[in-house]
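Here is the structure we will look at.
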There are 2 protein chains.
Amino acid sequence: MDEGQGALTQLKAYLAQNRLPERARLPSERVLCEALGVSRGELRKSLAILEAEGAIWRHVGKGTFLGARPVQELSTVGGIADLTNPREVMRARLLLEPLLAGEAALNASSANLEEMDRCLVGARRVESWRHYENWDNRLHRAVAEAAGNTVLLALFDLLNAVRRAVVWGRLRPKPERPPDDHHSFADHEAVVAAIRERDVVGAAEAMRAHLDNVERNLTAVRPAA
Amino acid sequence: MDEGQGALTQLKAYLAQNRLPERARLPSERVLCEALGVSRGELRKSLAILEAEGAIWRHVGKGTFLGARPVQELSTVGGIADLTNPREVMRARLLLEPLLAGEAALNASSANLEEMDRCLVGARRVESWRHYENWDNRLHRAVAEAAGNTVLLALFDLLNAVRRAVVWGRLRPKPERPPDDHHSFADHEAVVAAIRERDVVGAAEAMRAHLDNVERNLTAVRPAA
DNA sequence: ACCCTAACCAATTTCGAATTGGTGGGGCAA
DNA sequence: TTGCCCCACCAATTCGAAATTGGTTAGGGT
């Protein structure tokens, strides 16, 4: 009588019989309909019902899968940048980067340290503030890489991307190149030195001190020249 | 005399002559060395110098490009989950969440504290591990929210998503519901209490102690200290 | 009307060939 | 010995053709 339901019954029996793991992919329609002895059209009706119930999800070219359709990404750089402000970003750096420096002191390889040295030397040689910021970024990322944790590196990259998106276009007129006694030179060298000496606490504190200086410079009132 | 520098000179001349757009890809080494009339080894030395200077970046299979190496836009949950492992995720939690708890102690509003209390009560009343984990997730996120920093919250969410993606499908044969003396109950209450008392250090330490317990529970064999 | 079959479509995966930066070994000359 | 060139090889990546997949349509049969 309910021949139309026959396919759905067979399909449910198939799913119950073969204990498929969560999110498993089940055979293609062309294979499955033959295995169940039903036409493809009938099978598709049954699959449509299961999909409507939320038991499965389908996608052209991919296949049919058990469980709920995976959600799309929500934490985009632009989305975060719209909701935050430079102060929050600075605070996040002030908390996260000392932590990374401490991990770097534990895990840095000699290759990591060489990269940091390259950045220190390169930053001293630049002829423009723009180039200096490249070396600065590269050094901070080298520290994050040296932490040796993929997840933490991803968090750093996200924070960094947000920072650049937030302060985009806020470049103030600055002297042509950073002065030789710019605090960052000594700050950076102290951070790298602590990492090289495997001084976990020292590296974290040096990084915190550096970022404190950066924040102080950002909020400083320009002295009357 | 400086035959070794000859290749570098030729290369710089080539780059200056052909006005390449920003981030342009330059010819492959095998093509370029023949075009410049130098051996591949000499060309690679010059390219290494330019790369050390930050003028170019290279990647196997991709090629050599002008400008700075692009940031790893692998901040997608799936992308990170493929590259990491549960141990790294746990380490990241162990570092990030105490920091968030400390910030929460500074910034938590009474509404934040009420939400945490709701989670504490809810976790006590659950009848299954699945429900308990919902409340656990909600509490940890409440702490992250209480930190009052959009960027840090986004980092927490990303870490959380990665954690769920990494441990997805892990079967845990456990009793039907968490026992009344499960460590997490006391741990969570200690964290919230410290936040309520505005004890920054205490909140961070309580969270760290909690995650230490979690890690200890996850690993059958306790790792050597 | 209803369903089966077949063919087609667009999205996606798969697989192999080609390409690219990185590396090591043999030959050779200073 | 010390470089340098040349060659072969490696791992990562790209590219493209072919196969696969869910979705759709048209024809024919019951």
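Chain lettering (A, B, ...) mirrors the order of the structure tokens, residue numbering begins at 1 for each chain separately, and ligand numbering begins at 1 in order of display.
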
Cα RMSD of chain B on chain A, all Cα atoms paired in order, least-squares fit? 9.1 Å

Using only C-alpha atoms (C1' of nucleotides), find each residue in stretch 24-133 of chain B having at least one atom no more than 9 Å away from stretch 2-21 of chain C; report its shortest atom-to-atom pair and that distance in Å (one decimal), rows by chain then rising number, as a tab-separated table.
```
residue	atom	partner	partner_atom	distance
B:Ser28	CA	C:DT20	C1'	6.8
B:Glu29	CA	C:DG21	C1'	8.0
B:Arg58	CA	C:DG21	C1'	7.1
B:His59	CA	C:DG21	C1'	6.1
B:Val60	CA	C:DG21	C1'	4.2
B:Gly61	CA	C:DT20	C1'	4.2
B:Lys62	CA	C:DT20	C1'	6.0
B:Gly63	CA	C:DT20	C1'	5.7
B:Thr64	CA	C:DG21	C1'	8.2
```

Extract, using only C-alpha atoms (C1' of nucleotides), all DNA, RNA and protein residues at most 9 Å from B:Gly78, discarding same-chain residues fewer than 6 positions from it, and format them as a VMD selection string. chain B and resid 161 to 162 165 to 166

Near C:DC28, counting only C-alpha atoms (C1' of nucleotides), which residues have an atom at most 12 Å away, once you skip same-chain residues fewer than 2 positions from it, shown as a list in words? DG26 and DA30 of chain C; DT2, DG3, DC4, DC5 and DC6 of chain D

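In chain B, the set of residues within 8 Å of chain A (atoms considered: only C-alpha atoms) is Ala52, Glu53, Ala68, Val71, Gln72, Leu74, Ser75, Thr76, Val77, Ile80, Leu83, Thr84, Glu88, Val89, Ala92, Leu95, Leu96, Leu99, Asn149, Thr150, Val151, Leu152, Ala154, Leu155, Leu158, Leu159 and Gly169 of chain B.
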
Among stretch 1-180 of chain B, which ones does DSSP assign to alpha helix (DSSP H) (computed from the backbone)? Answer as a PyMOL selection string. chain B and resi 3-17+29-36+40-53+77-83+86-107+110-125+129-146+150-166

Give me a file of those residues, with C-alpha atoms, as an mmCIF file, in the first residue's frame.
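Produced file result05.cif, reproduced below:
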```
data_model
loop_
_atom_site.group_PDB
_atom_site.id
_atom_site.type_symbol
_atom_site.label_atom_id
_atom_site.label_comp_id
_atom_site.auth_asym_id
_atom_site.auth_seq_id
_atom_site.Cartn_x
_atom_site.Cartn_y
_atom_site.Cartn_z
ATOM 1 C CA GLU B 3 82.379 37.764 -8.687
ATOM 2 C CA GLY B 4 80.083 36.414 -5.990
ATOM 3 C CA GLN B 5 78.279 39.720 -5.892
ATOM 4 C CA GLY B 6 77.873 39.747 -9.641
ATOM 5 C CA ALA B 7 74.761 37.645 -9.510
ATOM 6 C CA LEU B 8 73.234 39.880 -6.863
ATOM 7 C CA THR B 9 74.020 42.938 -8.951
ATOM 8 C CA GLN B 10 72.460 41.406 -12.021
ATOM 9 C CA LEU B 11 69.423 40.352 -10.056
ATOM 10 C CA LYS B 12 68.891 43.822 -8.611
ATOM 11 C CA ALA B 13 69.306 45.290 -12.068
ATOM 12 C CA TYR B 14 66.727 42.882 -13.380
ATOM 13 C CA LEU B 15 64.280 43.825 -10.652
ATOM 14 C CA ALA B 16 64.883 47.525 -11.233
ATOM 15 C CA GLN B 17 64.550 47.244 -15.009
ATOM 16 C CA GLU B 29 64.942 29.969 -10.581
ATOM 17 C CA ARG B 30 65.653 27.739 -13.542
ATOM 18 C CA VAL B 31 64.351 30.348 -15.960
ATOM 19 C CA LEU B 32 65.800 33.340 -14.180
ATOM 20 C CA CYS B 33 69.321 32.012 -13.831
ATOM 21 C CA GLU B 34 69.479 31.373 -17.538
ATOM 22 C CA ALA B 35 68.028 34.772 -18.340
ATOM 23 C CA LEU B 36 70.646 36.462 -16.160
ATOM 24 C CA ARG B 40 71.440 28.525 -10.291
ATOM 25 C CA GLY B 41 73.615 28.273 -7.205
ATOM 26 C CA GLU B 42 74.795 31.862 -7.518
ATOM 27 C CA LEU B 43 71.263 33.047 -8.194
ATOM 28 C CA ARG B 44 70.017 31.226 -5.119
ATOM 29 C CA LYS B 45 72.653 32.929 -2.989
ATOM 30 C CA SER B 46 71.443 36.296 -4.198
ATOM 31 C CA LEU B 47 67.829 35.355 -3.671
ATOM 32 C CA ALA B 48 68.686 34.213 -0.156
ATOM 33 C CA ILE B 49 70.173 37.632 0.546
ATOM 34 C CA LEU B 50 67.109 39.423 -0.767
ATOM 35 C CA GLU B 51 64.895 37.110 1.266
ATOM 36 C CA ALA B 52 66.920 37.796 4.410
ATOM 37 C CA GLU B 53 66.471 41.489 3.708
ATOM 38 C CA VAL B 77 38.694 26.443 12.307
ATOM 39 C CA GLY B 78 39.091 23.506 9.990
ATOM 40 C CA GLY B 79 42.437 24.691 8.713
ATOM 41 C CA ILE B 80 43.882 25.024 12.186
ATOM 42 C CA ALA B 81 42.348 21.780 13.363
ATOM 43 C CA ASP B 82 44.089 19.928 10.564
ATOM 44 C CA LEU B 83 47.479 21.274 11.566
ATOM 45 C CA PRO B 86 44.843 17.886 21.197
ATOM 46 C CA ARG B 87 48.022 18.456 23.161
ATOM 47 C CA GLU B 88 48.650 21.849 21.559
ATOM 48 C CA VAL B 89 45.035 22.823 22.043
ATOM 49 C CA MET B 90 45.179 21.900 25.711
ATOM 50 C CA ARG B 91 48.391 23.879 26.133
ATOM 51 C CA ALA B 92 46.793 26.884 24.489
ATOM 52 C CA ARG B 93 43.805 26.661 26.815
ATOM 53 C CA LEU B 94 46.105 26.329 29.790
ATOM 54 C CA LEU B 95 47.779 29.583 28.842
ATOM 55 C CA LEU B 96 44.881 31.651 27.520
ATOM 56 C CA GLU B 97 42.038 30.898 29.887
ATOM 57 C CA PRO B 98 43.779 31.837 33.159
ATOM 58 C CA LEU B 99 44.583 35.125 31.488
ATOM 59 C CA LEU B 100 40.911 35.588 30.648
ATOM 60 C CA ALA B 101 39.930 34.732 34.207
ATOM 61 C CA GLY B 102 42.299 37.387 35.495
ATOM 62 C CA GLU B 103 40.781 39.966 33.169
ATOM 63 C CA ALA B 104 37.329 38.840 34.225
ATOM 64 C CA ALA B 105 38.248 39.528 37.842
ATOM 65 C CA LEU B 106 39.048 43.072 36.786
ATOM 66 C CA ASN B 107 36.094 43.724 34.539
ATOM 67 C CA SER B 110 27.179 41.753 38.072
ATOM 68 C CA ALA B 111 25.350 40.453 35.027
ATOM 69 C CA ASN B 112 28.440 38.428 34.129
ATOM 70 C CA LEU B 113 28.578 36.994 37.628
ATOM 71 C CA GLU B 114 24.899 36.091 37.509
ATOM 72 C CA GLU B 115 25.457 34.206 34.274
ATOM 73 C CA MET B 116 28.339 32.321 35.872
ATOM 74 C CA ASP B 117 26.142 31.414 38.817
ATOM 75 C CA ARG B 118 23.495 30.135 36.452
ATOM 76 C CA CYS B 119 26.111 27.881 34.881
ATOM 77 C CA LEU B 120 27.318 26.611 38.248
ATOM 78 C CA VAL B 121 23.796 25.730 39.327
ATOM 79 C CA GLY B 122 22.900 24.268 35.952
ATOM 80 C CA ALA B 123 25.964 22.044 35.871
ATOM 81 C CA ARG B 124 25.008 20.568 39.244
ATOM 82 C CA ARG B 125 21.557 19.611 38.022
ATOM 83 C CA TRP B 129 27.561 14.220 30.482
ATOM 84 C CA ARG B 130 26.320 15.829 27.309
ATOM 85 C CA HIS B 131 24.290 18.378 29.228
ATOM 86 C CA TYR B 132 27.112 18.906 31.669
ATOM 87 C CA GLU B 133 29.477 19.776 28.832
ATOM 88 C CA ASN B 134 26.997 22.349 27.590
ATOM 89 C CA TRP B 135 27.029 24.080 30.953
ATOM 90 C CA ASP B 136 30.803 23.746 31.168
ATOM 91 C CA ASN B 137 31.216 25.395 27.778
ATOM 92 C CA ARG B 138 28.780 28.106 28.763
ATOM 93 C CA LEU B 139 30.636 28.856 31.976
ATOM 94 C CA HIS B 140 34.008 29.103 30.299
ATOM 95 C CA ARG B 141 32.550 31.412 27.718
ATOM 96 C CA ALA B 142 30.902 33.482 30.425
ATOM 97 C CA VAL B 143 34.320 34.006 31.959
ATOM 98 C CA ALA B 144 35.710 35.003 28.572
ATOM 99 C CA GLU B 145 32.823 37.420 28.072
ATOM 100 C CA ALA B 146 33.393 38.890 31.508
ATOM 101 C CA THR B 150 35.976 41.785 22.153
ATOM 102 C CA VAL B 151 39.271 40.660 20.677
ATOM 103 C CA LEU B 152 40.098 38.291 23.510
ATOM 104 C CA LEU B 153 36.588 36.880 23.283
ATOM 105 C CA ALA B 154 37.085 36.251 19.580
ATOM 106 C CA LEU B 155 40.370 34.498 20.306
ATOM 107 C CA PHE B 156 38.631 32.367 22.920
ATOM 108 C CA ASP B 157 35.860 31.466 20.502
ATOM 109 C CA LEU B 158 38.364 30.485 17.855
ATOM 110 C CA LEU B 159 40.296 28.348 20.308
ATOM 111 C CA ASN B 160 37.077 26.789 21.493
ATOM 112 C CA ALA B 161 35.961 25.976 17.963
ATOM 113 C CA VAL B 162 39.333 24.416 17.222
ATOM 114 C CA ARG B 163 39.115 22.368 20.391
ATOM 115 C CA ARG B 164 35.730 20.989 19.456
ATOM 116 C CA ALA B 165 36.899 20.235 15.909
ATOM 117 C CA VAL B 166 40.005 18.443 17.138
#
```

Could you build a table of the residues in chain D lying no more than 8 Å from chain B, giving for each the nearest pair of atoms and their separation in Å rounded to one decimal place, using only C-alpha atoms (C1' of nucleotides), ordered by chain and ascending residue number, as a Markdown table?
```
| residue | atom | partner | partner_atom | distance |
| --- | --- | --- | --- | --- |
| D:DC5 | C1' | B:Ser39 | CA | 7.1 |
| D:DA12 | C1' | B:Gly61 | CA | 5.2 |
| D:DT13 | C1' | B:Gly61 | CA | 4.0 |
| D:DT14 | C1' | B:Gly61 | CA | 7.3 |
```

Could the residues in this selection be saved with C-alpha atoms (C1' of nucleotides) as a CSV table (one decimal), in the first residue's frame?
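Output (again02.csv):
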```csv
chain,number,residue,atom,x,y,z
D,5,DC,C1',78.9,24.2,-11.7
D,12,DA,C1',55.4,20.9,-1.8
D,13,DT,C1',52.3,23.0,-4.8
D,14,DT,C1',49.7,23.9,-9.0
```

Could you jot down the atom CA of A:Asp181 to atom CA of A:Thr219 separation for me, Å, one decimal place?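 One can read the atom CA of A:Asp181 to atom CA of A:Thr219 distance as 19.2 Å.
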
DSSP on the backbone: which residues in stretch 17-222 of chain B end up as strand (DSSP E)? Give the answer as number ranges by chain. B: 25-26, 56-59, 63-66

Would you output that residue set with N, CA and C atoms, as a PDB file, in the first residue's frame?
```pdb
ATOM      1  N   ARG B  25      54.980  37.821  -8.868  1.00  0.00           N
ATOM      2  CA  ARG B  25      55.770  36.598  -8.851  1.00  0.00           C
ATOM      3  C   ARG B  25      56.829  36.708  -9.939  1.00  0.00           C
ATOM      4  N   LEU B  26      58.058  36.478  -9.585  1.00  0.00           N
ATOM      5  CA  LEU B  26      59.110  36.547 -10.599  1.00  0.00           C
ATOM      6  C   LEU B  26      59.437  35.159 -11.113  1.00  0.00           C
ATOM      7  N   ILE B  56      61.965  39.838  -0.684  1.00  0.00           N
ATOM      8  CA  ILE B  56      61.201  38.796  -1.369  1.00  0.00           C
ATOM      9  C   ILE B  56      60.878  37.681  -0.383  1.00  0.00           C
ATOM     10  N   TRP B  57      60.009  36.794  -0.802  1.00  0.00           N
ATOM     11  CA  TRP B  57      59.758  35.565  -0.026  1.00  0.00           C
ATOM     12  C   TRP B  57      59.542  34.424  -1.000  1.00  0.00           C
ATOM     13  N   ARG B  58      59.903  33.238  -0.563  1.00  0.00           N
ATOM     14  CA  ARG B  58      59.854  32.068  -1.431  1.00  0.00           C
ATOM     15  C   ARG B  58      59.099  30.942  -0.738  1.00  0.00           C
ATOM     16  N   HIS B  59      58.542  30.064  -1.572  1.00  0.00           N
ATOM     17  CA  HIS B  59      57.871  28.897  -1.012  1.00  0.00           C
ATOM     18  C   HIS B  59      57.930  27.771  -2.032  1.00  0.00           C
ATOM     19  N   GLY B  63      56.696  29.504  -5.706  1.00  0.00           N
ATOM     20  CA  GLY B  63      57.564  30.378  -6.470  1.00  0.00           C
ATOM     21  C   GLY B  63      58.214  31.421  -5.574  1.00  0.00           C
ATOM     22  N   THR B  64      58.755  32.457  -6.216  1.00  0.00           N
ATOM     23  CA  THR B  64      59.395  33.557  -5.489  1.00  0.00           C
ATOM     24  C   THR B  64      58.589  34.821  -5.749  1.00  0.00           C
ATOM     25  N   PHE B  65      58.334  35.566  -4.686  1.00  0.00           N
ATOM     26  CA  PHE B  65      57.441  36.720  -4.802  1.00  0.00           C
ATOM     27  C   PHE B  65      58.079  37.947  -4.170  1.00  0.00           C
ATOM     28  N   LEU B  66      57.669  39.106  -4.669  1.00  0.00           N
ATOM     29  CA  LEU B  66      58.142  40.371  -4.105  1.00  0.00           C
ATOM     30  C   LEU B  66      57.362  40.698  -2.845  1.00  0.00           C
TER      31      LEU B  66
END
```

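Atom CA of A:His182 lies 18.9 Å from atom CA of A:Glu205.
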
Could you tell me how far atom C1' of D:DC10 lies from atom C1' of C:DG25, in Å and to one decimal? 13.8 Å
